[in-house]
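Undergrad: So I've got this file, model-v3.cif, and it contains mmCIF, C-alpha atoms and all ligand atoms:
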data_final
loop_
_atom_site.label_atom_id
_atom_site.label_comp_id
_atom_site.auth_asym_id
_atom_site.auth_seq_id
_atom_site.Cartn_x
_atom_site.Cartn_y
_atom_site.Cartn_z
CA MET A 1 18.79 22.23 12.00
CA ALA A 2 19.81 21.01 8.55
CA ALA A 3 22.98 19.51 9.98
CA LEU A 4 20.87 17.89 12.64
CA VAL A 5 18.71 16.23 10.05
CA SER A 6 21.33 14.94 7.63
CA PRO A 7 24.76 14.80 9.17
CA PRO A 8 27.28 15.39 6.37
CA SER A 9 29.43 12.47 7.43
CA LEU A 10 26.49 10.10 7.10
CA LEU A 11 25.78 11.31 3.58
CA ARG A 12 29.41 10.94 2.66
CA ARG A 13 29.47 7.36 3.79
CA GLY A 14 26.27 6.59 1.94
CA ARG A 15 27.48 7.96 -1.39
CA ASP A 16 28.70 4.70 -2.83
CA VAL A 17 25.24 3.17 -2.84
CA ARG A 18 24.64 1.06 -5.87
CA ASP A 19 21.08 1.47 -6.76
CA GLU A 20 18.97 4.40 -7.72
CA SER A 21 15.88 3.42 -5.78
CA GLU A 22 17.94 3.43 -2.64
CA ARG A 23 19.33 6.86 -3.37
CA ALA A 24 15.87 8.21 -4.13
CA SER A 25 14.55 6.80 -0.90
CA ARG A 26 17.06 8.77 1.09
CA LYS A 27 15.84 12.10 -0.22
CA PRO A 28 12.69 12.79 1.71
CA ARG A 29 14.34 13.38 5.05
CA LYS A 30 11.99 15.29 7.23
CA SER A 31 13.41 18.61 8.06
CA GLY A 32 13.70 21.15 10.70
CA LYS A 33 10.61 22.46 12.33
CA SER A 34 9.27 19.41 14.14
CA GLY A 35 12.76 18.57 15.36
CA LYS A 36 12.31 15.09 13.91
CA LEU A 37 15.14 13.10 12.37
CA GLY A 38 14.83 11.37 9.01
CA LYS A 39 14.46 7.59 8.99
CA GLY A 40 17.37 7.04 6.60
CA PRO A 41 17.58 4.43 3.82
CA ARG A 42 14.66 2.09 3.19
CA ASP A 43 16.99 -0.89 2.78
CA TRP A 44 18.64 -2.59 5.73
CA PRO A 45 22.25 -2.70 4.49
CA GLY A 46 21.94 1.04 3.87
CA GLN A 47 20.66 1.48 7.43
CA LEU A 48 23.64 -0.42 8.82
CA ARG A 49 26.03 1.54 6.62
CA GLU A 50 24.61 4.86 7.81
CA SER A 51 24.34 3.89 11.46
CA VAL A 52 25.72 6.29 14.02
CA ARG A 53 28.82 4.78 15.62
CA THR A 54 30.85 7.77 16.77
CA VAL A 55 30.47 10.55 19.27
CA GLU A 56 30.89 13.02 16.44
CA ASP A 57 27.94 11.69 14.43
CA LEU A 58 25.81 11.26 17.54
CA SER A 59 26.35 14.82 18.65
CA LYS A 60 25.34 16.06 15.20
CA ALA A 61 22.07 14.16 15.41
CA LEU A 62 21.05 14.87 19.01
CA SER A 63 21.78 17.71 21.38
CA LEU A 64 23.74 15.70 23.93
CA THR A 65 23.93 16.44 27.63
CA PRO A 66 27.36 16.34 29.29
CA GLU A 67 26.42 12.95 30.83
CA GLU A 68 25.57 11.53 27.41
CA LEU A 69 28.61 13.05 25.75
CA GLU A 70 30.91 11.50 28.32
CA GLY A 71 29.05 8.16 28.08
CA ALA A 72 29.40 8.18 24.29
CA ARG A 73 33.11 8.99 24.52
CA ARG A 74 33.65 6.05 26.83
CA ALA A 75 31.55 3.72 24.62
CA GLU A 76 33.68 4.65 21.64
CA LEU A 77 36.81 3.59 23.51
CA GLU A 78 35.76 0.64 25.66
CA GLY A 79 32.87 -1.49 26.84
CA LEU A 80 29.64 -1.87 24.93
CA PRO A 81 30.08 -0.09 21.58
CA LEU A 82 27.82 2.61 20.24
CA ALA A 83 25.60 1.82 17.25
CA ILE A 84 22.22 3.30 16.37
CA THR A 85 20.44 2.82 13.04
CA PRO A 86 19.08 6.00 11.40
CA TYR A 87 15.62 4.45 11.75
CA TYR A 88 15.92 3.93 15.53
CA LEU A 89 17.57 7.33 15.91
CA SER A 90 14.54 8.89 14.21
CA LEU A 91 12.41 7.62 17.11
CA CYS A 92 14.62 9.52 19.59
CA ASP A 93 13.65 12.96 20.77
CA PRO A 94 16.62 15.10 19.65
CA HIS A 95 16.18 17.51 22.56
CA ASP A 96 14.88 15.46 25.47
CA PRO A 97 17.48 13.24 27.20
CA ARG A 98 14.67 11.47 29.08
CA CYS A 99 13.15 10.17 25.83
CA PRO A 100 12.48 6.44 26.42
CA VAL A 101 14.05 5.42 23.12
CA ARG A 102 17.06 7.63 23.59
CA LEU A 103 17.68 6.20 27.06
CA GLN A 104 17.87 2.72 25.52
CA CYS A 105 20.49 3.51 22.90
CA VAL A 106 22.48 6.61 23.91
CA PRO A 107 25.27 5.81 26.38
CA ARG A 108 25.43 7.71 29.66
CA ILE A 109 28.24 8.45 32.06
CA GLU A 110 26.62 6.12 34.66
CA GLU A 111 27.71 3.14 32.54
CA GLY A 112 31.06 3.59 34.25
CA ASP A 113 29.52 3.07 37.70
CA THR A 114 29.52 -0.18 39.63
CA VAL A 115 26.84 -0.78 42.27
CA PRO A 116 26.49 -3.66 44.78
CA GLY A 117 25.19 -6.83 43.12
CA ASP A 118 26.60 -5.92 39.69
CA LEU A 119 28.11 -8.71 37.65
CA ALA A 120 29.86 -8.79 34.27
CA ASP A 121 28.04 -12.03 33.37
CA PRO A 122 24.88 -11.89 35.50
CA LEU A 123 23.39 -15.11 34.15
CA GLY A 124 26.55 -17.15 34.56
CA GLU A 125 26.48 -17.93 30.87
CA VAL A 126 30.19 -18.56 30.72
CA ALA A 127 29.89 -21.15 33.53
CA HIS A 128 26.88 -22.79 31.85
CA GLU A 129 28.58 -23.19 28.47
CA VAL A 130 28.30 -26.82 27.42
CA ALA A 131 30.13 -26.25 24.12
CA PRO A 132 31.61 -23.09 22.61
CA HIS A 133 28.77 -20.59 21.98
CA LEU A 134 26.18 -22.95 23.53
CA VAL A 135 24.58 -22.32 26.94
CA GLN A 136 22.34 -24.83 28.70
CA ARG A 137 20.40 -24.17 31.86
CA TYR A 138 17.33 -26.37 31.35
CA PRO A 139 17.17 -29.99 30.19
CA ASP A 140 14.99 -29.45 27.11
CA ARG A 141 16.39 -26.23 25.61
CA VAL A 142 19.65 -24.55 24.73
CA LEU A 143 20.81 -21.09 23.82
CA LEU A 144 23.08 -20.74 20.78
CA LEU A 145 25.07 -17.50 20.58
CA ALA A 146 25.51 -17.20 16.82
CA THR A 147 26.98 -13.70 16.49
CA ASP A 148 28.13 -10.77 18.61
CA ARG A 149 26.62 -8.12 16.32
CA CYS A 150 23.41 -6.16 16.75
CA ALA A 151 21.83 -3.39 14.71
CA VAL A 152 21.61 -1.19 17.81
CA TYR A 153 23.49 -1.82 21.05
CA CYS A 154 21.05 -1.53 23.94
CA ARG A 155 22.70 0.12 26.90
CA PHE A 156 21.17 -2.38 29.36
CA CYS A 157 22.25 -5.48 27.43
CA THR A 158 22.71 -8.59 29.55
CA ARG A 159 25.48 -9.74 27.23
CA SER A 160 27.40 -6.49 27.19
CA ARG A 161 30.46 -8.56 28.16
CA MET A 162 30.49 -10.05 24.66
CA VAL A 163 28.27 -8.18 22.18
CA GLY A 164 30.05 -6.05 19.63
CA ASP A 165 33.45 -7.30 20.73
CA GLY A 166 34.59 -7.75 17.16
CA GLY A 167 34.13 -11.48 16.61
CA GLY A 168 31.19 -11.07 14.23
CA PRO A 169 29.07 -14.00 13.08
CA VAL A 170 30.42 -17.38 14.21
CA SER A 171 31.22 -19.76 11.34
CA LEU A 172 29.39 -23.08 11.04
CA GLU A 173 32.71 -24.81 11.54
CA ARG A 174 33.22 -23.16 14.89
CA LEU A 175 29.63 -24.05 15.84
CA GLU A 176 30.13 -27.73 14.97
CA PRO A 177 30.85 -28.76 18.61
CA ALA A 178 27.59 -27.06 19.61
CA PHE A 179 25.66 -29.00 16.95
CA ALA A 180 27.38 -32.21 18.04
CA TYR A 181 26.33 -31.55 21.64
CA ILE A 182 22.70 -30.98 20.64
CA ALA A 183 22.70 -34.14 18.52
CA ALA A 184 24.16 -36.13 21.41
CA HIS A 185 21.43 -34.85 23.77
CA PRO A 186 18.08 -35.82 22.26
CA GLU A 187 16.31 -34.38 25.30
CA VAL A 188 17.10 -30.93 23.83
CA ARG A 189 14.06 -30.11 21.73
CA ASP A 190 14.13 -26.32 21.59
CA VAL A 191 17.06 -24.30 20.25
CA ILE A 192 17.09 -20.58 20.91
CA VAL A 193 19.30 -18.80 18.42
CA SER A 194 20.50 -15.54 19.93
CA GLY A 195 23.68 -13.50 20.13
CA GLY A 196 23.99 -10.56 19.46
CA ASP A 197 21.14 -10.55 17.00
CA PRO A 198 20.88 -13.49 14.59
CA LEU A 199 18.78 -11.50 12.12
CA ALA A 200 21.58 -8.94 11.81
CA MET A 201 23.46 -11.63 9.88
CA ALA A 202 23.25 -12.11 6.11
CA THR A 203 20.20 -14.08 4.95
CA GLU A 204 22.34 -16.74 3.33
CA ARG A 205 24.27 -17.30 6.57
CA ILE A 206 21.03 -17.59 8.55
CA ASP A 207 19.76 -20.09 5.99
CA ARG A 208 22.88 -22.25 6.34
CA LEU A 209 22.70 -22.10 10.12
CA LEU A 210 19.03 -23.12 10.25
CA THR A 211 19.61 -25.86 7.68
CA ARG A 212 22.37 -27.26 9.90
CA ILE A 213 20.20 -27.16 13.02
CA ARG A 214 17.36 -28.86 11.13
CA GLN A 215 19.71 -31.75 10.30
CA ILE A 216 19.43 -32.72 13.97
CA PRO A 217 16.18 -34.71 13.98
CA THR A 218 15.52 -34.39 17.72
CA VAL A 219 15.26 -30.58 17.54
CA GLU A 220 11.58 -29.68 17.37
CA THR A 221 11.32 -25.91 17.68
CA ILE A 222 13.76 -23.15 16.87
CA ARG A 223 13.40 -19.70 18.38
CA LEU A 224 15.05 -16.63 16.93
CA ALA A 225 15.74 -14.00 19.59
CA THR A 226 15.92 -10.73 17.72
CA ARG A 227 15.50 -7.02 18.19
CA VAL A 228 15.55 -6.14 14.50
CA PRO A 229 11.75 -5.75 14.24
CA VAL A 230 12.28 -2.89 16.74
CA THR A 231 15.61 -1.39 15.71
CA LEU A 232 15.83 -2.28 12.00
CA PRO A 233 12.34 -3.29 10.80
CA MET A 234 13.34 -3.07 7.12
CA ARG A 235 15.44 -6.19 7.79
CA ILE A 236 12.22 -8.24 7.78
CA THR A 237 12.15 -8.47 3.98
CA SER A 238 10.00 -10.86 1.99
CA GLU A 239 13.22 -12.65 1.01
CA LEU A 240 14.14 -13.20 4.68
CA VAL A 241 10.64 -14.37 5.55
CA ARG A 242 10.66 -16.81 2.59
CA THR A 243 14.02 -18.18 3.74
CA LEU A 244 12.97 -18.60 7.36
CA ARG A 245 9.69 -20.28 6.43
CA LYS A 246 11.55 -23.26 5.01
CA HIS A 247 12.68 -24.10 8.53
CA HIS A 248 9.34 -24.00 10.35
CA PRO A 249 8.37 -24.41 13.20
CA ILE A 250 10.23 -21.19 14.01
CA TRP A 251 9.14 -18.87 16.78
CA VAL A 252 10.30 -15.27 16.76
CA MET A 253 11.11 -13.74 20.14
CA THR A 254 11.32 -9.99 19.81
CA HIS A 255 11.96 -7.21 22.26
CA PHE A 256 9.82 -4.06 22.34
CA ASN A 257 10.13 -2.01 25.52
CA HIS A 258 8.10 1.13 24.89
CA PRO A 259 5.02 2.14 22.84
CA LYS A 260 7.14 4.72 21.02
CA GLU A 261 8.86 1.79 19.33
CA LEU A 262 5.56 0.72 17.74
CA SER A 263 5.98 2.70 14.55
CA ARG A 264 4.27 2.00 11.26
CA ASP A 265 7.49 0.26 10.12
CA SER A 266 7.94 -1.96 13.17
CA ILE A 267 4.26 -2.95 13.22
CA ALA A 268 4.48 -3.85 9.52
CA ALA A 269 7.58 -5.98 10.24
CA CYS A 270 5.72 -7.93 12.95
CA GLU A 271 2.73 -8.37 10.66
CA ARG A 272 4.93 -9.74 7.88
CA LEU A 273 6.28 -12.32 10.32
CA ALA A 274 2.83 -13.22 11.64
CA ASP A 275 1.42 -13.48 8.10
CA ALA A 276 4.17 -15.99 7.26
CA GLY A 277 3.08 -18.16 10.18
CA PHE A 278 5.71 -17.31 12.78
CA PRO A 279 4.33 -17.00 16.28
CA VAL A 280 5.82 -13.70 17.45
CA MET A 281 6.44 -13.29 21.18
CA ASN A 282 7.73 -10.22 22.99
CA GLN A 283 10.15 -10.07 25.90
CA SER A 284 10.28 -6.61 27.47
CA VAL A 285 12.87 -5.62 30.02
CA LEU A 286 11.65 -3.48 32.90
CA LEU A 287 13.73 -0.30 32.84
CA ALA A 288 13.69 2.62 35.25
CA GLY A 289 12.52 5.88 33.70
CA ILE A 290 11.70 4.07 30.44
CA ASN A 291 8.79 1.69 31.01
CA ASP A 292 8.43 1.18 34.78
CA ASP A 293 4.86 2.37 34.65
CA ALA A 294 1.62 0.37 34.33
CA ASP A 295 0.04 2.83 31.86
CA VAL A 296 3.08 2.79 29.57
CA LEU A 297 3.21 -1.00 29.56
CA GLU A 298 -0.55 -1.28 29.05
CA THR A 299 -0.24 0.90 25.94
CA LEU A 300 2.71 -1.15 24.72
CA TYR A 301 1.00 -4.50 25.27
CA ARG A 302 -2.27 -3.38 23.64
CA GLY A 303 -0.29 -2.20 20.64
CA LEU A 304 1.59 -5.47 20.45
CA ILE A 305 -1.49 -7.68 20.39
CA ARG A 306 -2.99 -5.47 17.67
CA ALA A 307 0.13 -6.32 15.67
CA ARG A 308 -0.42 -10.03 16.58
CA VAL A 309 2.59 -10.09 18.90
CA ARG A 310 2.06 -11.94 22.18
CA PRO A 311 3.57 -10.29 25.28
CA TYR A 312 5.52 -13.22 26.74
CA TYR A 313 7.85 -11.99 29.46
CA LEU A 314 8.37 -8.80 31.41
CA LEU A 315 11.92 -9.35 32.58
CA GLN A 316 13.42 -7.87 35.69
CA ALA A 317 16.61 -6.17 34.43
CA ASP A 318 19.66 -8.32 35.06
CA PRO A 319 22.32 -6.84 37.35
CA VAL A 320 24.76 -6.12 34.53
CA ARG A 321 27.69 -3.95 35.45
CA GLY A 322 27.04 -0.35 34.40
CA THR A 323 23.24 -0.57 34.30
CA GLY A 324 22.38 0.29 37.91
CA HIS A 325 20.79 3.57 36.77
CA LEU A 326 18.30 1.64 34.59
CA ARG A 327 17.23 -1.01 37.10
CA THR A 328 14.16 -1.09 39.33
CA PRO A 329 13.58 -2.85 42.68
CA LEU A 330 11.82 -6.23 42.40
CA SER A 331 8.74 -4.76 44.08
CA LYS A 332 8.19 -2.38 41.14
CA GLY A 333 7.43 -5.16 38.65
CA ILE A 334 5.10 -6.87 41.10
CA GLU A 335 3.25 -3.60 41.68
CA ILE A 336 2.85 -3.14 37.91
CA MET A 337 1.54 -6.69 37.46
CA GLU A 338 -0.92 -6.07 40.26
CA ARG A 339 -2.25 -2.99 38.42
CA LEU A 340 -2.51 -4.79 35.08
CA GLN A 341 -4.13 -8.01 36.28
CA GLY A 342 -7.81 -7.96 35.34
CA ARG A 343 -7.60 -4.54 33.73
CA LEU A 344 -5.67 -5.76 30.70
CA THR A 345 -6.98 -8.57 28.50
CA SER A 346 -5.01 -11.64 29.44
CA ILE A 347 -3.67 -12.31 25.95
CA ALA A 348 -1.76 -9.04 26.43
CA LEU A 349 -0.48 -9.81 29.91
CA PRO A 350 3.07 -11.22 30.09
CA LYS A 351 4.67 -13.16 32.92
CA LEU A 352 6.98 -11.23 35.20
CA ILE A 353 10.31 -13.02 35.39
CA CYS A 354 13.48 -12.69 37.38
CA ASP A 355 16.36 -14.51 35.75
CA THR A 356 18.34 -15.44 38.83
CA PRO A 357 21.89 -14.16 39.16
CA GLY A 358 24.43 -16.89 38.57
CA GLY A 359 22.25 -18.55 35.95
CA LYS A 360 20.14 -20.75 38.20
CA GLY A 361 17.14 -20.23 35.94
CA LYS A 362 14.12 -17.98 35.54
CA VAL A 363 11.70 -17.51 38.41
CA PRO A 364 8.17 -16.20 37.78
CA LEU A 365 7.10 -13.46 40.19
CA SER A 366 3.53 -12.53 40.92
CA PRO A 367 1.48 -10.43 43.27
CA ASP A 368 0.13 -12.58 46.08
CA TRP A 369 -3.51 -13.39 45.37
CA VAL A 370 -3.87 -15.84 48.26
CA VAL A 371 -5.10 -14.20 51.48
CA SER A 372 -5.21 -17.30 53.67
CA LYS A 373 -5.29 -21.10 53.58
CA HIS A 374 -7.02 -23.07 56.25
CA ASP A 375 -8.42 -26.63 56.42
CA GLY A 376 -9.02 -26.94 52.70
CA THR A 377 -10.43 -23.43 52.38
CA THR A 378 -8.37 -20.89 50.50
CA VAL A 379 -9.31 -17.23 50.54
CA LEU A 380 -8.40 -15.56 47.26
CA ARG A 381 -8.23 -11.86 46.49
CA THR A 382 -9.64 -10.84 43.09
CA PHE A 383 -8.30 -7.99 40.97
CA ARG A 384 -11.16 -5.84 42.35
CA GLY A 385 -10.03 -6.56 45.90
CA GLU A 386 -12.93 -8.85 46.81
CA GLU A 387 -12.05 -11.79 49.01
CA VAL A 388 -13.55 -15.09 47.88
CA ALA A 389 -13.29 -18.49 49.55
CA TYR A 390 -12.53 -21.57 47.48
CA VAL A 391 -13.33 -24.83 49.22
CA ASP A 392 -11.37 -27.93 48.18
CA PRO A 393 -13.29 -31.16 47.63
CA PRO A 394 -13.19 -33.62 50.52
CA ALA A 395 -10.17 -35.91 50.45
CA ARG A 396 -11.00 -39.06 48.54
CA ALA A 397 -11.06 -42.33 50.39
CA SER A 398 -8.61 -44.65 48.67
CA VAL A 399 -10.36 -47.58 47.06
C1 LIG B 401 16.02 -17.59 29.07
C2 LIG B 401 16.73 -18.80 28.67
C3 LIG B 401 16.06 -19.85 28.04
C4 LIG B 401 14.59 -19.79 27.66
O1 LIG B 401 13.72 -19.81 28.71
P1 LIG B 401 12.16 -19.91 28.47
O2 LIG B 401 11.61 -19.69 29.83
O3 LIG B 401 11.87 -21.29 27.93
O4 LIG B 401 11.76 -18.86 27.50
C5 LIG B 401 16.76 -20.98 27.73
N1 LIG B 401 18.07 -21.09 28.01
C6 LIG B 401 18.75 -20.11 28.59
C7 LIG B 401 20.19 -20.30 28.86
C8 LIG B 401 18.10 -18.91 28.94
O5 LIG B 401 18.79 -17.92 29.50
S1 LIG B 402 19.70 -6.45 20.64
FE1 LIG B 402 19.75 -7.87 22.40
S2 LIG B 402 21.83 -8.72 22.39
FE2 LIG B 402 21.85 -6.88 21.10
S3 LIG B 402 22.47 -5.20 22.46
FE3 LIG B 402 20.23 -5.25 22.45
S4 LIG B 402 19.66 -6.53 24.21
FE4 LIG B 402 21.86 -6.94 23.74
#
Would you put the structure from the file into structure tokens?

TA:
Amino acid sequence: MAALVSPPSLLRRGRDVRDESERASRKPRKSGKSGKLGKGPRDWPGQLRESVRTVEDLSKALSLTPEELEGARRAELEGLPLAITPYYLSLCDPHDPRCPVRLQCVPRIEEGDTVPGDLADPLGEVAHEVAPHLVQRYPDRVLLLATDRCAVYCRFCTRSRMVGDGGGPVSLERLEPAFAYIAAHPEVRDVIVSGGDPLAMATERIDRLLTRIRQIPTVETIRLATRVPVTLPMRITSELVRTLRKHHPIWVMTHFNHPKELSRDSIAACERLADAGFPVMNQSVLLAGINDDADVLETLYRGLIRARVRPYYLLQADPVRGTGHLRTPLSKGIEIMERLQGRLTSIALPKLICDTPGGKGKVPLSPDWVVSKHDGTTVLRTFRGEEVAYVDPPARASV
């Protein structure tokens, strides 16, 4: 058990830490009996330094099944790399391979499978590139891919074709054509900074990037698409929040998928963001065996609104190659929305979205609440199953 709790190789790598407080904070690793893993360093660079990136370290931390072991071996060699912060690893059940956090971050042998409909680039982002690292699918907003790095690589990632491929953060120079494009298209008012995970970059780099975007006067809102509140909550430092605040209005789009991810640390990270005036929105991905259940999502969404995070989208998983084992049929999401409508306070109810393959844009999906339409009378079905007629006003005579 001791080896399970503090893998020797992790300690070795962490030995060169500079400051005492950091060293002290590593001591109280929870041990043994509960089977829980320690959360690792309190500081985010320490978390990244001690992240699990090899099969060897992973198998010391969790008792891996043959399917996971083979998946991890493959991830080490090719495809989407393996990276799990000690914090996120501590949320994993070390013994249960069906743990909803573990399924999100531990590779499985099925990642090598291809099923019908799979695509390497399901959203056609390469085809919709209007400048290097800039994707546009809608007239008023663009997606800027600022880095390929993430704190944890999610096994279902839509951008598995590019994340963690070694490029690292993109320099401002290389982003200049993207900025020029945005400046030349004043109809673009909303810039979504994504990647990879923009908040996995150094604060100073983020500051320079946001300063550059803010030099374009026609940009109104900036969104930061980030999973660090979930996978590396200690990244949301007061220094980061102070830096980001200078560039308001900034919206933070985060990505919680399961109530187990709502730890004291991640809730505190969301609250720090909300306290600093960032609207925080959540985009969950619907994942088989992880959160494809109305009760699980209800618990997640109630927890999110308590932390002042607004559930924004429930996304149908994109048909990314190697994720067939994590995807659900379209009908599953609709069934879940049907169960949640009316039972869950509407500020906690996201929109169900299918991002269409090929990058044709997002389509909202909904249960059908219209029973019939006839001569200006529409029969609607309520969440309780009552049928109610709504009668349109008479057509107005034109004056
Ligand atoms: C998802 C996405 C957006 C944002 O869509 P919203 O519905 O406004 O949240 C913008 N651009 C691209 C390329 C996207 O994939
Ligand atoms: S944090 Fe986002 S971009 Fe990074 S691996 Fe996860 S889903 Fe992909």

Undergrad: Take every atom of ligand LIG 402 (chain B) listed in the file, fit an axis-aligned box around them, add 8 Å per side, and give the centre and edge lengths in Å to one decimal as JSON.

TA:
{"center_x": 21.1, "center_y": -7.0, "center_z": 22.4, "size_x": 18.8, "size_y": 19.5, "size_z": 19.6}

Undergrad: Give the residue list for ligand LIG 401 (chain B) at 6 Å, counting all atoms listed in the file, as number ranges by chain, sorted by chain and then by residue number.

TA: A: 135-137, 141-143

Undergrad: Would you mind listing the residues within 6 Å of ligand LIG 402 (chain B), counting all atoms listed in the file, as a PyMOL selection string?

TA: chain A and resi 150+153-154+157+159+195-197+227

Undergrad: Kindly give the distance, in Å, that separates atom CA of A:Gly117 and atom CA of A:Ser331, rounded to a single decimal.

TA: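 Interatomic distance here is 16.6 Å.
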
Undergrad: Here is a test: counting all atoms listed in the file, which residue of A:Ile250, A:Val130, A:Leu315, A:Leu62 is nearest to A:Cys354?

TA: A:Leu315

Undergrad: Excluding A:Met234 and any residue of its chain fewer than 4 positions from it, enumerate the residues within 12 Å of it, using only C-alpha atoms, and give them as a JSON list (two decimals) with C-alpha atoms, in the coordinates of the input.

TA:
[["chain", "number", "residue", "atom", "x", "y", "z"],
["A", 39, "LYS", "CA", 14.46, 7.59, 8.99],
["A", 40, "GLY", "CA", 17.37, 7.04, 6.60],
["A", 41, "PRO", "CA", 17.58, 4.43, 3.82],
["A", 42, "ARG", "CA", 14.66, 2.09, 3.19],
["A", 43, "ASP", "CA", 16.99, -0.89, 2.78],
["A", 44, "TRP", "CA", 18.64, -2.59, 5.73],
["A", 45, "PRO", "CA", 22.25, -2.70, 4.49],
["A", 46, "GLY", "CA", 21.94, 1.04, 3.87],
["A", 47, "GLN", "CA", 20.66, 1.48, 7.43],
["A", 48, "LEU", "CA", 23.64, -0.42, 8.82],
["A", 85, "THR", "CA", 20.44, 2.82, 13.04],
["A", 86, "PRO", "CA", 19.08, 6.00, 11.40],
["A", 87, "TYR", "CA", 15.62, 4.45, 11.75],
["A", 88, "TYR", "CA", 15.92, 3.93, 15.53],
["A", 151, "ALA", "CA", 21.83, -3.39, 14.71],
["A", 199, "LEU", "CA", 18.78, -11.50, 12.12],
["A", 200, "ALA", "CA", 21.58, -8.94, 11.81],
["A", 227, "ARG", "CA", 15.50, -7.02, 18.19],
["A", 228, "VAL", "CA", 15.55, -6.14, 14.50],
["A", 229, "PRO", "CA", 11.75, -5.75, 14.24],
["A", 230, "VAL", "CA", 12.28, -2.89, 16.74],
["A", 238, "SER", "CA", 10.00, -10.86, 1.99],
["A", 239, "GLU", "CA", 13.22, -12.65, 1.01],
["A", 240, "LEU", "CA", 14.14, -13.20, 4.68],
["A", 241, "VAL", "CA", 10.64, -14.37, 5.55],
["A", 263, "SER", "CA", 5.98, 2.70, 14.55],
["A", 264, "ARG", "CA", 4.27, 2.00, 11.26],
["A", 265, "ASP", "CA", 7.49, 0.26, 10.12],
["A", 266, "SER", "CA", 7.94, -1.96, 13.17],
["A", 267, "ILE", "CA", 4.26, -2.95, 13.22],
["A", 268, "ALA", "CA", 4.48, -3.85, 9.52],
["A", 269, "ALA", "CA", 7.58, -5.98, 10.24],
["A", 270, "CYS", "CA", 5.72, -7.93, 12.95],
["A", 272, "ARG", "CA", 4.93, -9.74, 7.88]]

Undergrad: Of the candidates A:Leu300, A:Leu210, A:Ala294, A:Val219, which one gets nearest to A:Asp190 if we count all atoms listed in the file?

TA: A:Val219
